[in-house]
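Novice: File entry17.txt below, compact mmCIF, C-alpha atoms and all ligand atoms:
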```
# COMPACT_ATOMS: atom_id res chain seq x y z
CA MET A 568 89.97 138.16 285.17
CA ARG A 569 86.96 140.46 285.63
CA HIS A 570 84.18 140.62 283.04
CA VAL A 571 82.94 144.05 282.05
CA VAL A 572 79.68 145.21 280.45
CA ILE A 573 79.72 148.71 278.96
CA LEU A 574 76.32 150.38 278.62
CA GLY A 575 76.82 153.20 276.10
CA SER A 576 80.13 151.95 274.69
CA THR A 577 80.02 154.20 271.59
CA GLY A 578 79.88 157.41 273.65
CA SER A 579 82.63 159.51 275.11
CA ILE A 580 82.80 157.60 278.42
CA GLY A 581 82.37 154.25 276.66
CA VAL A 582 85.33 154.92 274.37
CA SER A 583 87.48 156.10 277.29
CA THR A 584 86.57 152.93 279.21
CA LEU A 585 87.63 150.73 276.30
CA SER A 586 90.90 152.63 276.12
CA VAL A 587 91.69 151.82 279.78
CA LEU A 588 90.60 148.19 279.39
CA ALA A 589 92.81 147.80 276.29
CA ALA A 590 95.84 148.62 278.46
CA HIS A 591 95.04 145.68 280.81
CA PRO A 592 94.01 142.70 278.67
CA GLN A 593 95.17 140.20 281.29
CA ASP A 594 92.91 141.66 284.02
CA TYR A 595 89.68 142.60 282.23
CA GLN A 596 87.62 141.04 279.50
CA VAL A 597 84.83 142.84 277.66
CA LEU A 598 81.70 140.71 278.09
CA ALA A 599 79.21 143.03 276.36
CA LEU A 600 78.97 146.35 274.55
CA THR A 601 75.79 148.34 273.99
CA ALA A 602 74.69 151.44 272.07
CA ALA A 603 71.54 153.19 270.91
CA THR A 604 71.69 153.55 267.12
CA GLN A 605 75.28 153.79 265.85
CA SER A 606 75.70 150.29 264.42
CA ASP A 607 78.87 151.18 262.44
CA LYS A 608 80.73 152.30 265.53
CA LEU A 609 79.52 149.34 267.60
CA LEU A 610 80.55 146.99 264.77
CA GLN A 611 84.12 148.34 264.86
CA GLN A 612 84.24 147.99 268.64
CA CYS A 613 82.92 144.42 268.47
CA LEU A 614 85.52 143.44 265.90
CA GLN A 615 88.29 144.95 268.01
CA TYR A 616 87.23 143.74 271.49
CA GLN A 617 85.33 140.55 270.57
CA PRO A 618 82.70 140.67 273.31
CA ARG A 619 80.41 137.64 273.77
CA PHE A 620 77.39 139.97 273.45
CA ALA A 621 76.35 143.27 271.94
CA ALA A 622 73.01 145.07 272.15
CA MET A 623 71.42 148.00 270.39
CA LEU A 624 68.37 149.89 271.56
CA ASP A 625 67.19 150.30 267.98
CA HIS A 626 65.88 147.02 266.51
CA SER A 627 66.78 147.70 262.90
CA ALA A 628 70.28 148.89 263.89
CA ALA A 629 70.64 145.62 265.85
CA LYS A 630 69.70 143.63 262.72
CA GLU A 631 72.29 145.55 260.67
CA LEU A 632 74.92 144.91 263.29
CA ALA A 633 74.13 141.20 263.51
CA ALA A 634 74.35 140.83 259.72
CA ALA A 635 77.64 142.74 259.50
CA LEU A 636 79.16 140.72 262.36
CA LYS A 637 78.11 137.46 260.75
CA GLN A 638 79.65 138.52 257.47
CA ALA A 639 82.90 139.38 259.24
CA GLY A 640 82.98 135.92 260.86
CA SER A 641 82.42 137.27 264.37
CA ARG A 642 80.76 135.14 267.07
CA THR A 643 79.35 138.09 269.02
CA GLU A 644 75.65 137.50 269.77
CA VAL A 645 73.41 140.55 269.20
CA LEU A 646 70.42 141.48 271.38
CA ALA A 647 67.95 144.32 270.77
CA GLY A 648 65.73 146.80 272.56
CA ILE A 649 65.64 147.97 276.15
CA ASP A 650 65.10 144.36 277.28
CA GLY A 651 68.31 143.34 275.54
CA LEU A 652 70.22 146.11 277.31
CA CYS A 653 68.75 145.18 280.70
CA GLN A 654 69.49 141.49 280.12
CA LEU A 655 73.17 142.22 279.47
CA ALA A 656 73.43 144.63 282.43
CA ALA A 657 72.15 141.79 284.62
CA HIS A 658 74.12 138.97 282.95
CA PRO A 659 75.26 136.34 285.48
CA ASP A 660 78.85 136.46 284.13
CA ALA A 661 79.18 140.25 284.47
CA ASP A 662 81.36 141.45 287.34
CA ILE A 663 81.52 145.15 286.48
CA VAL A 664 78.90 147.25 284.68
CA MET A 665 79.95 150.63 283.34
CA ALA A 666 76.74 152.73 283.28
CA ALA A 667 77.55 155.27 280.56
CA ILE A 668 74.25 155.78 278.73
CA VAL A 669 73.34 159.47 278.59
CA GLY A 670 70.15 160.73 280.21
CA SER A 671 67.10 159.07 281.72
CA ALA A 672 67.44 156.21 279.20
CA GLY A 673 70.17 154.78 281.43
CA LEU A 674 67.93 154.29 284.44
CA LEU A 675 66.37 150.88 283.70
CA PRO A 676 69.53 149.08 282.51
CA THR A 677 71.51 150.51 285.43
CA LEU A 678 68.85 149.39 287.92
CA ALA A 679 68.91 145.93 286.30
CA ALA A 680 72.62 145.71 287.21
CA VAL A 681 71.96 147.01 290.74
CA GLU A 682 69.30 144.34 291.29
CA GLN A 683 71.87 141.64 290.52
CA GLY A 684 74.31 143.09 293.07
CA LYS A 685 76.92 143.99 290.46
CA THR A 686 79.78 146.45 290.82
CA ILE A 687 78.40 149.52 289.05
CA LEU A 688 80.68 152.24 287.74
CA LEU A 689 78.24 155.12 287.53
CA ALA A 690 78.74 157.80 284.88
CA ASN A 691 75.01 158.15 284.10
CA LYS A 692 74.29 160.84 286.70
CA GLU A 693 70.73 161.37 285.41
CA ALA A 694 69.77 157.93 286.80
CA LEU A 695 70.58 159.10 290.34
CA VAL A 696 69.02 162.52 289.80
CA MET A 697 65.75 160.82 288.86
CA SER A 698 65.67 158.09 291.41
CA GLY A 699 68.32 158.77 294.10
CA GLU A 700 66.43 157.42 297.08
CA LEU A 701 65.01 154.37 295.31
CA PHE A 702 68.36 153.68 293.63
CA LEU A 703 70.36 153.77 296.87
CA ASN A 704 67.76 151.61 298.65
CA LYS A 705 68.18 149.02 295.91
CA VAL A 706 71.99 149.24 296.13
CA LYS A 707 71.76 148.45 299.85
CA ARG A 708 69.12 145.74 299.47
CA HIS A 709 70.96 143.87 296.70
CA GLY A 710 74.48 144.39 298.07
CA ALA A 711 75.62 146.17 294.88
CA THR A 712 78.82 148.22 294.88
CA LEU A 713 78.44 151.74 293.51
CA LEU A 714 81.57 153.60 292.43
CA PRO A 715 81.41 157.14 291.03
CA ILE A 716 82.88 157.88 287.60
CA ASP A 717 81.84 161.52 287.37
CA SER A 718 85.24 163.15 287.93
CA GLU A 719 84.03 165.33 290.83
CA HIS A 720 82.39 162.48 292.72
CA ASN A 721 85.30 160.20 292.01
CA ALA A 722 87.60 162.93 293.41
CA ILE A 723 85.47 163.30 296.55
CA PHE A 724 85.38 159.53 296.97
CA GLN A 725 89.18 159.41 296.75
CA CYS A 726 89.42 162.10 299.47
CA LEU A 727 87.21 160.17 301.95
CA PRO A 728 88.65 158.09 304.79
CA ALA A 729 88.93 154.39 303.81
CA ALA A 730 86.38 153.39 306.49
CA LEU A 731 83.81 155.70 304.89
CA GLN A 732 84.64 154.60 301.33
CA GLN A 733 83.41 151.11 302.26
CA HIS A 734 80.07 152.44 303.62
CA THR A 735 79.31 155.75 301.91
CA HIS A 736 75.57 154.99 301.68
CA ASP A 737 74.77 154.28 305.33
CA GLN A 738 77.21 156.42 307.33
CA GLN A 739 77.08 160.12 308.11
CA ILE A 740 79.95 162.20 306.70
CA THR A 741 79.84 164.34 309.88
CA ASP A 742 80.79 161.25 311.93
CA PHE A 743 84.08 161.24 310.02
CA GLY A 744 84.89 164.90 310.71
CA ILE A 745 83.77 166.13 307.28
CA SER A 746 82.28 169.64 307.22
CA LYS A 747 81.80 170.23 303.46
CA LEU A 748 82.03 168.56 300.09
CA LEU A 749 83.49 171.14 297.68
CA LEU A 750 82.27 170.41 294.17
CA THR A 751 84.47 172.14 291.61
CA GLY A 752 83.42 173.12 288.10
CA SER A 753 85.16 174.96 285.29
CA GLY A 754 82.27 177.36 284.66
CA GLY A 755 82.20 176.16 281.04
CA PRO A 756 82.89 178.15 277.87
CA PHE A 757 80.85 181.23 278.93
CA LEU A 758 82.52 182.08 282.23
CA THR A 759 83.41 185.59 281.08
CA LEU A 760 81.01 186.15 278.18
CA PRO A 761 78.93 189.33 278.70
CA LEU A 762 75.43 188.35 279.88
CA ALA A 763 73.91 190.40 277.04
CA ASP A 764 75.42 187.94 274.55
CA PHE A 765 73.92 184.79 276.12
CA ALA A 766 70.73 184.73 274.05
CA ALA A 767 72.77 184.51 270.81
CA ILE A 768 74.95 181.54 271.89
CA THR A 769 74.94 178.81 269.20
CA PRO A 770 75.01 175.04 269.76
CA ALA A 771 78.52 174.89 268.24
CA GLN A 772 79.77 177.43 270.80
CA ALA A 773 78.02 175.64 273.67
CA VAL A 774 79.48 172.20 272.94
CA ALA A 775 83.06 173.54 272.65
CA HIS A 776 84.14 172.98 276.25
CA PRO A 777 87.48 174.61 277.13
CA ASN A 778 88.90 171.61 279.06
CA TRP A 779 86.90 168.41 278.55
CA SER A 780 85.85 166.51 275.44
CA MET A 781 82.38 165.01 276.07
CA GLY A 782 79.03 164.09 274.49
CA HIS A 783 76.78 166.94 273.30
CA LYS A 784 74.19 166.77 276.06
CA ILE A 785 76.66 167.00 278.94
CA SER A 786 78.62 169.68 277.06
CA VAL A 787 75.54 171.93 276.88
CA ASP A 788 74.81 171.10 280.54
CA SER A 789 78.36 172.22 281.38
CA ALA A 790 77.83 175.51 279.55
CA THR A 791 74.62 176.23 281.51
CA MET A 792 76.12 174.65 284.66
CA MET A 793 73.04 172.40 284.87
CA ASN A 794 75.71 169.72 284.84
CA LYS A 795 77.02 171.00 288.18
CA GLY A 796 73.44 171.16 289.41
CA LEU A 797 72.85 167.51 288.45
CA GLU A 798 76.16 166.69 290.14
CA PHE A 799 75.02 168.52 293.27
CA ILE A 800 71.99 166.19 293.43
CA GLU A 801 74.19 163.20 292.56
CA ALA A 802 76.56 164.04 295.44
CA ARG A 803 73.68 164.34 297.88
CA TRP A 804 72.72 160.71 297.18
CA LEU A 805 76.15 159.17 296.66
CA PHE A 806 77.55 160.57 299.89
CA ASN A 807 74.37 160.34 301.99
CA CYS A 808 74.38 164.03 302.91
CA GLN A 809 72.21 167.13 302.66
CA ALA A 810 72.23 170.07 300.25
CA ALA A 811 73.74 172.24 303.02
CA ASP A 812 76.80 169.96 303.13
CA ILE A 813 77.74 170.70 299.49
CA GLU A 814 79.26 173.86 298.04
CA VAL A 815 80.01 174.62 294.38
CA VAL A 816 83.32 176.33 293.58
CA ILE A 817 84.34 177.54 290.12
CA HIS A 818 87.89 176.47 289.26
CA PRO A 819 88.37 177.23 285.55
CA GLN A 820 91.57 175.20 285.14
CA SER A 821 89.84 171.81 285.81
CA ILE A 822 92.91 170.35 287.54
CA ILE A 823 91.40 170.02 291.02
CA HIS A 824 88.45 167.70 290.43
CA SER A 825 86.79 168.36 293.83
CA MET A 826 87.69 168.57 297.52
CA VAL A 827 86.63 167.46 300.98
CA GLN A 828 86.84 169.88 303.90
CA TYR A 829 87.33 168.52 307.42
CA THR A 830 86.43 170.08 310.78
CA ASP A 831 90.10 170.30 311.81
CA GLY A 832 90.74 172.78 308.99
CA SER A 833 92.21 170.28 306.50
CA VAL A 834 91.07 170.24 302.90
CA LEU A 835 91.88 167.18 300.78
CA ALA A 836 91.78 167.54 297.00
CA GLN A 837 92.22 165.14 294.10
CA LEU A 838 94.15 166.56 291.15
CA GLY A 839 94.71 165.24 287.66
CA GLN A 840 94.47 165.94 283.96
CA PRO A 841 90.94 166.63 282.71
CA ASP A 842 90.77 163.11 281.26
CA MET A 843 88.03 160.67 282.27
CA ARG A 844 90.39 157.72 281.94
CA THR A 845 91.77 158.57 285.41
CA PRO A 846 88.47 158.17 287.32
CA ILE A 847 87.61 155.17 285.11
CA ALA A 848 90.90 153.42 285.95
CA HIS A 849 90.43 154.27 289.63
CA ALA A 850 86.96 152.78 289.81
CA LEU A 851 87.79 149.72 287.68
CA ALA A 852 90.59 148.66 290.00
CA PHE A 853 89.33 150.01 293.36
CA PRO A 854 90.69 149.49 295.99
CA LYS A 855 93.82 148.74 293.96
CA ARG A 856 95.44 151.12 291.48
CA ILE A 857 96.19 150.42 287.84
CA ALA A 858 97.97 152.47 285.20
CA SER A 859 95.86 154.55 282.83
CA PRO A 860 97.00 156.00 279.48
CA VAL A 861 96.73 159.53 280.96
CA ALA A 862 99.86 161.71 280.93
CA PRO A 863 101.17 162.56 284.43
CA LEU A 864 100.47 166.06 285.72
CA SER A 865 103.47 168.31 285.32
CA PHE A 866 103.70 171.03 287.96
CA LYS A 867 106.31 172.79 285.83
CA GLN A 868 103.68 173.49 283.18
CA MET A 869 100.83 174.25 285.57
CA ARG A 870 99.08 177.58 285.25
CA ASP A 871 97.72 179.54 288.20
CA PHE A 872 94.81 178.06 290.12
CA THR A 873 91.84 180.38 290.57
CA PHE A 874 88.56 180.01 292.45
CA THR A 875 85.32 182.00 292.26
CA GLU A 876 81.67 181.66 293.25
CA PRO A 877 79.10 180.88 290.52
CA GLN A 878 76.83 183.89 289.86
CA PRO A 879 73.07 183.11 289.79
CA GLU A 880 72.40 185.46 286.86
CA ARG A 881 75.05 183.68 284.76
CA TYR A 882 74.10 180.14 285.81
CA PRO A 883 70.37 180.07 286.68
CA ASN A 884 70.20 176.32 285.93
CA LEU A 885 72.65 175.52 288.71
CA TYR A 886 70.44 177.26 291.22
CA LEU A 887 67.28 175.58 289.89
CA ALA A 888 68.91 172.20 290.47
CA MET A 889 70.01 173.17 293.98
CA GLN A 890 66.42 174.21 294.74
CA ALA A 891 65.08 170.97 293.28
CA CYS A 892 67.48 169.05 295.50
CA GLN A 893 65.86 170.67 298.56
CA HIS A 894 62.37 169.73 297.31
CA GLY A 895 63.13 166.05 296.71
CA GLN A 896 62.94 163.24 294.16
CA GLY A 897 59.79 164.51 292.35
CA ALA A 898 61.33 167.92 291.71
CA THR A 899 64.66 166.49 290.55
CA THR A 900 62.97 163.96 288.22
CA ALA A 901 60.86 166.70 286.62
CA LEU A 902 63.76 169.13 286.29
CA ASN A 903 65.94 166.47 284.70
CA ALA A 904 63.21 165.56 282.19
CA ALA A 905 62.56 169.20 281.26
CA ASN A 906 66.28 169.81 280.85
CA GLU A 907 66.70 166.84 278.49
CA ILE A 908 63.89 168.19 276.29
CA ALA A 909 65.17 171.78 276.42
CA VAL A 910 68.80 170.84 275.66
CA GLU A 911 67.75 168.70 272.70
CA ALA A 912 65.59 171.58 271.37
CA PHE A 913 68.52 173.97 271.76
CA LEU A 914 70.83 171.56 269.91
CA GLN A 915 68.19 171.36 267.13
CA GLN A 916 68.17 175.20 267.04
CA GLN A 917 64.49 175.35 268.03
CA ILE A 918 65.07 177.52 271.11
CA ARG A 919 67.71 179.95 272.38
CA PHE A 920 70.39 179.11 274.94
CA THR A 921 68.65 181.28 277.55
CA ASP A 922 65.34 179.48 276.92
CA ILE A 923 66.77 176.31 278.49
CA ALA A 924 66.60 177.92 281.94
CA ALA A 925 63.13 179.31 281.20
CA VAL A 926 61.77 175.82 280.35
CA ASN A 927 63.48 174.32 283.39
CA ALA A 928 62.23 177.02 285.77
CA HIS A 929 58.67 176.50 284.55
CA SER A 930 58.95 172.77 285.12
CA LEU A 931 60.29 173.19 288.63
CA GLU A 932 57.47 175.58 289.47
CA GLN A 933 54.92 173.10 288.16
CA PHE A 934 56.27 169.92 289.74
CA ALA A 935 58.25 170.99 292.84
CA GLY A 936 55.65 169.62 295.22
CA PHE A 937 55.22 166.23 293.50
CA ARG A 938 56.01 163.20 295.63
CA VAL A 939 57.26 160.02 293.95
CA SER A 940 58.34 156.83 295.64
CA THR A 941 58.01 153.84 293.28
CA LEU A 942 59.76 153.35 289.95
CA ASP A 943 56.37 153.59 288.21
CA ASP A 944 55.75 156.99 289.87
CA ILE A 945 59.17 158.20 288.71
CA LEU A 946 58.73 157.02 285.12
CA ALA A 947 55.22 158.52 284.95
CA LEU A 948 56.41 161.88 286.29
CA ASP A 949 59.35 161.80 283.85
CA GLN A 950 56.85 161.45 280.96
CA GLN A 951 54.50 164.10 282.36
CA ALA A 952 57.36 166.60 282.80
CA ARG A 953 58.54 165.91 279.22
CA GLU A 954 55.05 166.67 277.90
CA HIS A 955 54.92 169.85 279.96
CA ALA A 956 58.34 170.94 278.66
CA ARG A 957 57.31 170.25 275.04
CA LEU A 958 54.30 172.55 275.59
CA GLN A 959 56.66 175.27 276.81
CA LEU A 960 58.81 174.77 273.70
CA ARG A 961 55.82 175.32 271.45
CA LYS A 962 55.19 178.64 273.20
CA LEU A 963 58.82 179.68 272.69
CA SER A 964 59.44 178.74 269.07
P1 LIG B 1 77.62 160.34 274.72
O1 LIG B 1 76.46 161.04 274.13
O2 LIG B 1 78.96 160.54 274.17
O3 LIG B 1 77.32 158.75 274.69
C1 LIG B 1 76.11 158.22 275.11
C2 LIG B 1 76.06 156.71 274.93
O4 LIG B 1 74.76 156.26 275.36
C3 LIG B 1 76.23 156.24 273.49
O5 LIG B 1 76.91 155.01 273.48
C4 LIG B 1 74.79 156.03 273.01
O6 LIG B 1 74.68 155.05 272.00
C5 LIG B 1 74.11 155.57 274.28
N1 LIG B 1 72.70 155.97 274.30
C6 LIG B 1 72.19 157.21 274.05
N2 LIG B 1 70.86 157.19 274.17
C7 LIG B 1 70.51 155.93 274.50
C8 LIG B 1 69.27 155.28 274.76
N3 LIG B 1 68.10 155.93 274.66
N4 LIG B 1 69.30 153.97 275.09
C9 LIG B 1 70.46 153.29 275.15
N5 LIG B 1 71.68 153.85 274.91
C10 LIG B 1 71.70 155.14 274.61
O7 LIG B 1 77.58 160.69 276.28
P2 LIG B 1 78.83 160.75 277.30
O8 LIG B 1 79.44 162.08 277.26
O9 LIG B 1 79.68 159.52 277.16
O10 LIG B 1 78.04 160.68 278.69
C11 LIG B 1 77.48 159.47 279.18
C12 LIG B 1 77.05 159.69 280.63
O11 LIG B 1 78.21 159.92 281.42
C13 LIG B 1 76.15 160.92 280.81
O12 LIG B 1 75.20 160.64 281.80
C14 LIG B 1 77.11 161.99 281.30
O13 LIG B 1 76.48 162.95 282.13
C15 LIG B 1 78.09 161.16 282.10
N6 LIG B 1 79.43 161.77 282.20
C16 LIG B 1 80.16 162.00 281.07
C17 LIG B 1 81.41 162.58 281.15
C18 LIG B 1 82.26 162.81 279.93
O14 LIG B 1 83.40 163.25 280.06
N7 LIG B 1 81.77 162.53 278.73
C19 LIG B 1 81.91 162.95 282.40
C20 LIG B 1 81.15 162.71 283.53
C21 LIG B 1 79.91 162.10 283.42
MG MG B 2 81.51 165.85 286.21
```
Could you show the structure in this file as structure tokens?
Ligand code: NAD
Ligand code: MG
Specialist:
Amino acid sequence: MRHVVILGSTGSIGVSTLSVLAAHPQDYQVLALTAATQSDKLLQQCLQYQPRFAAMLDHSAAKELAAALKQAGSRTEVLAGIDGLCQLAAHPDADIVMAAIVGSAGLLPTLAAVEQGKTILLANKEALVMSGELFLNKVKRHGATLLPIDSEHNAIFQCLPAALQQHTHDQQITDFGISKLLLTGSGGPFLTLPLADFAAITPAQAVAHPNWSMGHKISVDSATMMNKGLEFIEARWLFNCQAADIEVVIHPQSIIHSMVQYTDGSVLAQLGQPDMRTPIAHALAFPKRIASPVAPLSFKQMRDFTFTEPQPERYPNLYLAMQACQHGQGATTALNAANEIAVEAFLQQQIRFTDIAAVNAHSLEQFAGFRVSTLDDILALDQQAREHARLQLRKLS
């Protein structure tokens, strides 16, 4: 029996994780569930999965949850605040921590799990984008196991030789005959929209992804392809490689989830339904395999596969992230912070879709040369870049 903590259990990844766990009650037990503010949803999850602990970022939501649980006769103990989240991520009885908080807010709880040498299933890509070098150093120092949940990185991981899967962080991919990591992306909902129409895109249009059902922030990031840019940076750290080793390929059908190209001419791909329960099941059981509730792929119903290159004028955010990756941790931290502010402002209808790239470009220009090494440096730059982005917003709206 392995004990699982889910950080961000009320979100899209959190719910998918619970769905896989529910299919294997004899192998996994939910130790703790956490969320930011949605006490109703966390209450339902607690009543269904009966974890020993729950935590909410928001103190008054935590109080509401504790009262409702008590009234329902539940024995789940409720913690509150960022300290409560970190405490559960680091709990001595936790074997597996699913890091599925969205955005920079996931960094501290995820690092708390790393520092206890846990097995971390990483969905929260922003944590690596902010702190890649520091994060991987901690993984090595504390003997933590890091398994990618992002479907592309999980696909790449599955296409690596077994000897490299055990040591992705301290081996060179070139020593295993790998020439390129091919990161696929659907291109999002605006793959063929005329560029002249981009400024009028609404939040509702941007969050309606053609293939995947996800949280709002990552859905907007998919529409701008900033998501692929963040994944580019994520891949650089997860697979201990350089920007030049990674190529982005648009594959609108979202059936191939990424590929690995070898020097002998072979290309290995991982295919599956666009359903996060496949990578979640893979990482939960690794190196074994377990069943997931995902329908098998049917090649009788498969449409054509197509591949194109992402155009810079359509996806400026992708190219900003690739540039930031070349500059280093300071640039990626600042870009990530600016993007979180800009996406939220777009969702609140304060700025236009095309303004997201404008805010991000300004931030990269401002902070590209910044060097950060400690966690304090990273958190301070994150705050500074947010302030800078808010100033840009005021100029735009
Ligand atoms: P979501 O918005 O659906 O859920 C986010 C979860 O994090 C919720 O449980 C929420 O309560 C919690 N949360 C939000 N802000 C918080 C804060 N400040 N402190 C503590 N908890 C907080 O997001 P999602 O789509 O599930 O994505 C989660 C992460 O997984 C993101 O980093 C995303 O990039 C990554 N990811 C998601 C998908 C997907 O299919 N949804 C795929 C690949 C990667
Ligand atoms: Mg992805």
Novice: Find the residues near ligand LIG 1 (chain B). Use a cut-off of 7 Å, count only C-alpha atoms and all ligand atoms, and write them as number ranges by chain.
Specialist: A: 574-581, 601-605, 624, 667-670, 672-673, 690-693, 716-718, 779-785, 843
Novice: What is the CA of Leu963 (chain A) to CA of Pro883 (chain A) distance in Å?
Specialist: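 Going from CA of Leu963 (chain A) over to CA of Pro883 (chain A) covers 18.1 Å.
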Novice: What's the separation between CA of Thr751 (chain A) and CA of Met826 (chain A), in Å to one decimal place?
Specialist: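 Value for the CA of Thr751 (chain A)-CA of Met826 (chain A) distance: 7.6 Å.
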Novice: With all atoms listed in the file counted, collect every polymer residue having an atom within 8 Å of ligand MG 2 (chain B); state the result as a compact mmCIF listing (two decimals) with C-alpha atoms, in the frame of the given file.
Specialist:
```
# COMPACT_ATOMS: atom_id res chain seq x y z
CA ASP A 717 81.84 161.52 287.37
CA SER A 718 85.24 163.15 287.93
CA GLU A 719 84.03 165.33 290.83
CA HIS A 720 82.39 162.48 292.72
CA GLY A 752 83.42 173.12 288.10
CA ASN A 794 75.71 169.72 284.84
CA LYS A 795 77.02 171.00 288.18
CA GLU A 798 76.16 166.69 290.14
```
Novice: I need the residue nearest Leu946 (chain A) from this list: A:Gln612, A:Ile800, A:Ala848, A:Ser698. Use all atoms listed in the file for the distance.
Specialist: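 Looking only at the distances to Leu946 (chain A), the closest residue turns out to be A:Ser698.
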Novice: What's the 7 Å shell around region 850-859 of chain A, counting all atoms listed in the file, without same-chain residues fewer than 2 positions away, as a list in words?
Specialist: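 These residues fall inside the cut-off: Val587, Leu688, Leu714, Ile716, Arg844, Thr845, Pro846, Ile847, Ala848 and Val861 of chain A.
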Novice: Counting only C-alpha atoms, which residues come within 8 Å of (59.6, 162.1, 299.1), with the point read in the file's coordinates, and could you list them as number ranges by chain?
Specialist: A: 895-897, 938-940
Novice: Using all atoms listed in the file, find all polymer residues with an atom at most 8 Å away from the point (72.3, 180.3, 272.6); report them as a list in words.
Specialist: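 Residues with an atom close enough to that point: Phe765, Ala766, Ala767, Ile768, Thr769, Pro770, Ala773, Phe913, Ile918, Arg919, Phe920 and Thr921 of chain A.
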Novice: Include C-alpha atoms and write out the residues we just selected as an mmCIF file, keeping the file's coordinate frame.
Specialist:
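See selection-v5.cif below for the written result:
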```cif
data_model
loop_
_atom_site.group_PDB
_atom_site.id
_atom_site.type_symbol
_atom_site.label_atom_id
_atom_site.label_comp_id
_atom_site.auth_asym_id
_atom_site.auth_seq_id
_atom_site.Cartn_x
_atom_site.Cartn_y
_atom_site.Cartn_z
ATOM 1 C CA PHE A 765 73.920 184.790 276.120
ATOM 2 C CA ALA A 766 70.730 184.730 274.050
ATOM 3 C CA ALA A 767 72.770 184.510 270.810
ATOM 4 C CA ILE A 768 74.950 181.540 271.890
ATOM 5 C CA THR A 769 74.940 178.810 269.200
ATOM 6 C CA PRO A 770 75.010 175.040 269.760
ATOM 7 C CA ALA A 773 78.020 175.640 273.670
ATOM 8 C CA PHE A 913 68.520 173.970 271.760
ATOM 9 C CA ILE A 918 65.070 177.520 271.110
ATOM 10 C CA ARG A 919 67.710 179.950 272.380
ATOM 11 C CA PHE A 920 70.390 179.110 274.940
ATOM 12 C CA THR A 921 68.650 181.280 277.550
#
```
Novice: Which residues are near Tyr595 (chain A)? Cut-off 8 Å, all atoms listed in the file, ignore same chain within fewer than 3 positions. Put them as a PyMOL selection string.
Specialist: chain A and resi 568-571+588+591-592
Novice: With all atoms listed in the file as the basis for distance, which of A:Met697, A:Ile822, A:Ala924, A:Leu887 is at the shortest distance from Leu942 (chain A)?
Specialist: A:Met697
Novice: Find the residue from A:Thr735, A:Asn884, A:Ser746, A:Gln951 that sits nearest to Gln828 (chain A); use all atoms listed in the file when measuring.
Specialist: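 Of all the options, A:Ser746 lies closest to Gln828 (chain A).
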Novice: Residues at most 7 Å from Ala679 (chain A), counting only C-alpha atoms, excluding those fewer than 2 positions away in the same chain, as number ranges by chain?
Specialist: A: 653, 656-657, 675-677, 681-683
Novice: Could I get the residues of region 650-762 of chain A with an atom no further than 12 Å from an atom of region 862-877 of chain A, each paired with its nearest atom pair and that distance in Å to one decimal, using all atoms listed in the file, sorted by chain and residue number, as a tab-separated table?
Specialist:
```
residue	atom	partner	partner_atom	distance
A:Leu749	CA	A:Phe874	CA	11.5
A:Leu750	CA	A:Glu876	CA	11.3
A:Thr751	CA	A:Phe874	CA	8.9
A:Gly752	CA	A:Pro877	CA	9.2
A:Ser753	CA	A:Phe874	CA	9.4
A:Gly754	CA	A:Pro877	CA	7.5
A:Gly755	CA	A:Pro877	CA	11.0
A:Phe757	CA	A:Pro877	CA	11.7
A:Leu758	CA	A:Pro877	CA	9.0
A:Thr759	CA	A:Pro877	CA	11.4
```
Novice: Residues within 12 Å of Ala928 (chain A), please, as number ranges by chain. Count only C-alpha atoms; anything in the same chain fewer than 4 positions from it doesn't count.
Specialist: A: 793, 883-891, 898-899, 901-903, 905-906, 909, 921-924, 932-935, 952, 955-956, 959
Novice: For a quick check of understanding, using all atoms listed in the file, which of A:Ala836, A:Ile908, A:Val926, A:Leu805 has the smallest distance to Glu700 (chain A)?
Specialist: A:Leu805
Novice: With a distance cut-off of 12 Å and only C-alpha atoms, select the neighbouring residues of Val834 (chain A), excluding the residue or stretch itself and same-chain residues fewer than 4 positions from it, and output the selection as a ChimeraX atom specification.
Specialist: /A:723,726-727,744-749,823,825-830
Novice: How many Å lie between CA of Arg881 (chain A) and CA of Leu762 (chain A), rounded to one decimal?
Specialist: 6.8 Å
Novice: Would you compute, for all listed atoms of region 731-742 of chain A, the axis-aligned bounding box grown by 4 Å on each side, and then report its centre and edge lengths in Å rounded to one decimal, as JSON?
Specialist:
```
{"center_x": 79.7, "center_y": 157.7, "center_z": 306.6, "size_x": 17.9, "size_y": 21.2, "size_z": 18.6}
```
